[in-house]
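Asker: I have a structure here, written as structure tokens, and I will follow up with some questions on it.
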Amino acid sequence: MNIFDMKAPTRFVGLHGHTGFSVFDGLGYPKDHIDFVLENGMDAWGLTDHGNGSGLAHAHKHATKIQKSGRKYRQIYGCEFYFVPSLAGWKEDYEQSKIDRALAKQKALKEDADAGHVIENEDETKTVDVNKDEWKRRYHLVITAQDREGLGNLFTLIKRAYTEGFYRYPRIDFDLLKQHGKGLNVSTACLGGIYSNRIMRGNALKKSDSEIQAELMQLSDKFVDAVGEENFYLEIQFNRLKQQHLVNHHLLRHAEMTGLNLVATPDSHYYNPNKWEARELYKKLGWMGNDPSPLPEFEDLKCELYPKNAQQMWDEFTRHYDEYKDTYEGYEIAVKDSIERTHDIAWDKCTDCWIDTSVKLPDFNKPDQTAFQQLAQKVKQALVKEGMHEKEEYVERAKMELADIKFLGFENYFLVMNEVFHKAADHTLFGAARGSGGGSLVNYLLGITQVDPLKYDLLWERFLGRHRTSWPDIDSDAGDRDALINAARELYGFESVIPVSNFNTLKLKSLVKDIAKFYQIDFAEVNKMTGPLQDEVMAQARDENTEKSVFVLKHEDCMEYSKKYRDFMEKYPKVKDHIEALFMQNRSIGRHAGGVIIGPAEDLAKTMPIIGVRGELQTPWTEGMNFRNLEDNGFIKFDFLGLTLLKDVENCIRRIITRETGKEPTFIEIRDWFEEHLNCRLVEQ
């Protein structure tokens, strides 16, 4: 068969793709990739970032927008997991390695759980060192969801990888895959996968083809047992890496021997073929100080990792056909089918699934009493306690607020706040009120705020009302933020209270300096230009409604309002190109100052791919100025904020009581002193 006379495949979906949520490895946000996928003639795409699902909500949001515009598009949700055959065996090897090192008086291994994010080292995972300890390995495994049940299993696997298989990277094994394998597609991934490793290692050890196939057969039996033969795929790729064609050689023959299906993937890492250089620079920024080498030339690239279409996949295959004819001759149809099979998987096997976006809060409803009835009862009791039940304006205000809360369905939210505040009251002092939440009489009566809104003519409508569809956002001040979070965990369970993440991004001034280093631009020249940039541009670009503290210096504004910046970019056009590609890309993951979500643990695990940062669970999605992906998907953020001044007040009261009584007071004694002398409620009365 003449490969060049064959008709090229006509349909394809990339089921293996990365964005900037594969920090310092992929480039761009999901939106960028989806837009290019459509521009490049495809109608679906799979997002499979390394070890996390942090970009999936972004992808869903943009996919929904595309679909509502009338265009045909399907989003496939997935993750490229880190995999070991057995977590139990891996943990034993890891523990033994620590003992061995201690006995050898070497420096003990540092638990790198404080990294804050996972950086994929592409070169490390795609090479083979036959002498490397097996426990140091982390094999890649691509998993995508077929339906909502599969999506829940995908999210559960991500969480369990962080809670049960974390050392520098989160891992899963065969046992976890079998427990949560329903509704999932699994493929063997890239040169970092366990199949590729066994093939390359076998080749390095001079094993015969039959010996390598026997080892692959053992792996296939276990994967088929975990997820079913119809859901397991051997993944081939096409690039200029010699090892890739060695792997393809064995996988093609393994598919022929076993009947397992093949899929071809581009393993995309940037959203446009022209962004390869920016992605190379982005990778280097992640290892700044360790890799000062110049950027490669295009001719040096071994892999073009953008979302290819069917023709481009075929072209990449045929480009290498003559050089590796012994590998591919006789398998031309199998390769073509592996390209088109991806489209069948996306459109015939997968559904247009996403999570249940209804609100996930503790449910106070009981058979004999609804949540709203409980809330109304607490408000009525507080009115009587405060002596407000005889004042018509207070009674009417309470009725009006409760009516709006019932109409909006927010009663569970207020009951959660009430419980948490009452639980934490024995451990920390509370602030009077912050922001529009001070305009609620219900908040005041529940003890969430300490300011009587009627006394100061504060408006309920600024805080909430039927005209506002978003959930309440009460910024709650406490002397000890953790007292509120711990109270919530005592009430609802540790895994029901998840701190909210935020993503630290590459900021303009530091990014300019870092990029300039790679082009040997004199630091003095760069510093002279960037030094006054913030004040110069902010004076002209800042909207009068934007606080100075939250103003973000943007490349576009600098080009418009700063002549020095504009001249610099014209002088160094390469720097300008990279700034436009890398500005606001993800740098690391952090934690919101006091934001948490609260909900049933089982629901959270199945509807959110929870991650671990510095040994603690965190949300993969955030609710900030740039991205808002929590509330849209039913996760309500509670802002429990620590106020240093309140802690200072607590310490002052402690000293006063100690001086007066000669002994260290308990917190309850400090709180009672505060209530008697400083609490706004008593001062008002």
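FYI, nothing fancy with the structure tokens labels: chains A, B, ... in order, residues from 1 per chain, ligands from 1 as they appear.
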Give me the residues within 9 Å of A:Trp354 as an NGL selection string, counting only C-alpha atoms and dropping any in the same chain fewer than 2 places off.

Answerer: :A and (60 or 77 or 147-148 or 151 or 352 or 356-357 or 607)

Asker: So that I can see what lies close to A:Glu461, please list as a ChimeraX atom specification the residues with an atom at most 10 Å from it, counting only C-alpha atoms and leaving out residues fewer than 6 positions away in the same chain.

Answerer: /A:401,436,439-440,467-468

Asker: Could you please write out, as a PyMOL selection string, every residue of stretch 387-470 of chain A that DSSP assigns to alpha helix (DSSP H)?

Answerer: chain A and resi 392-408+411-424+441-446+460-463

Asker: I'd like the neighbourhood of A:Leu630 as a PyMOL selection string, where a residue qualifies if any of its atoms comes within 12 Å (using only C-alpha atoms), though same-chain residues fewer than 5 positions away should be ignored.

Answerer: chain A and resi 54+56-58+61+357-360+470-471+498-502+595-598+604+607-608+619-624+635-638

Asker: Of the candidates A:Tyr94, A:Phe640, A:Phe410, A:Phe24, which one gets nearest to A:Glu120 if we count only C-alpha atoms?

Answerer: A:Phe24

Asker: May I ask for the distance between atom CA of A:Leu38 and atom CA of A:Asp25, given in Å to one decimal place?

Answerer: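 About the pair atom CA of A:Leu38 and atom CA of A:Asp25: they are 22.7 Å apart.
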
Asker: Pull the strand (DSSP E) assignments for stretch 587-620 of chain A out of DSSP run on the backbone, and list those residues as a list of chain:residue names.

Answerer: A:Arg587, A:Ser588, A:Ile589, A:Gly590, A:Arg591, A:His592, A:Ala593, A:Gly594, A:Gly595, A:Val596, A:Ile597, A:Ile598, A:Ile611, A:Gly612, A:Val613, A:Glu616, A:Leu617, A:Gln618

Asker: Within 6 Å of A:Asn231, counting only C-alpha atoms, which residues qualify if same-chain residues fewer than 2 places away don't, as a PDB file with N, CA, C and O atoms, in the first residue's frame?

Answerer:
```pdb
ATOM      1  N   ASN A 185     -12.933   6.951  30.205  1.00  0.00           N
ATOM      2  CA  ASN A 185     -12.032   6.487  29.156  1.00  0.00           C
ATOM      3  C   ASN A 185     -10.604   6.630  29.672  1.00  0.00           C
ATOM      4  O   ASN A 185     -10.255   7.660  30.261  1.00  0.00           O
ATOM      5  N   GLY A 228     -12.552  -1.966  31.983  1.00  0.00           N
ATOM      6  CA  GLY A 228     -13.223  -2.630  30.871  1.00  0.00           C
ATOM      7  C   GLY A 228     -12.474  -2.443  29.564  1.00  0.00           C
ATOM      8  O   GLY A 228     -11.925  -1.365  29.301  1.00  0.00           O
ATOM      9  N   GLU A 229     -12.467  -3.464  28.738  1.00  0.00           N
ATOM     10  CA  GLU A 229     -11.716  -3.421  27.473  1.00  0.00           C
ATOM     11  C   GLU A 229     -12.202  -2.305  26.560  1.00  0.00           C
ATOM     12  O   GLU A 229     -11.417  -1.661  25.858  1.00  0.00           O
TER      13      GLU A 229
END
```
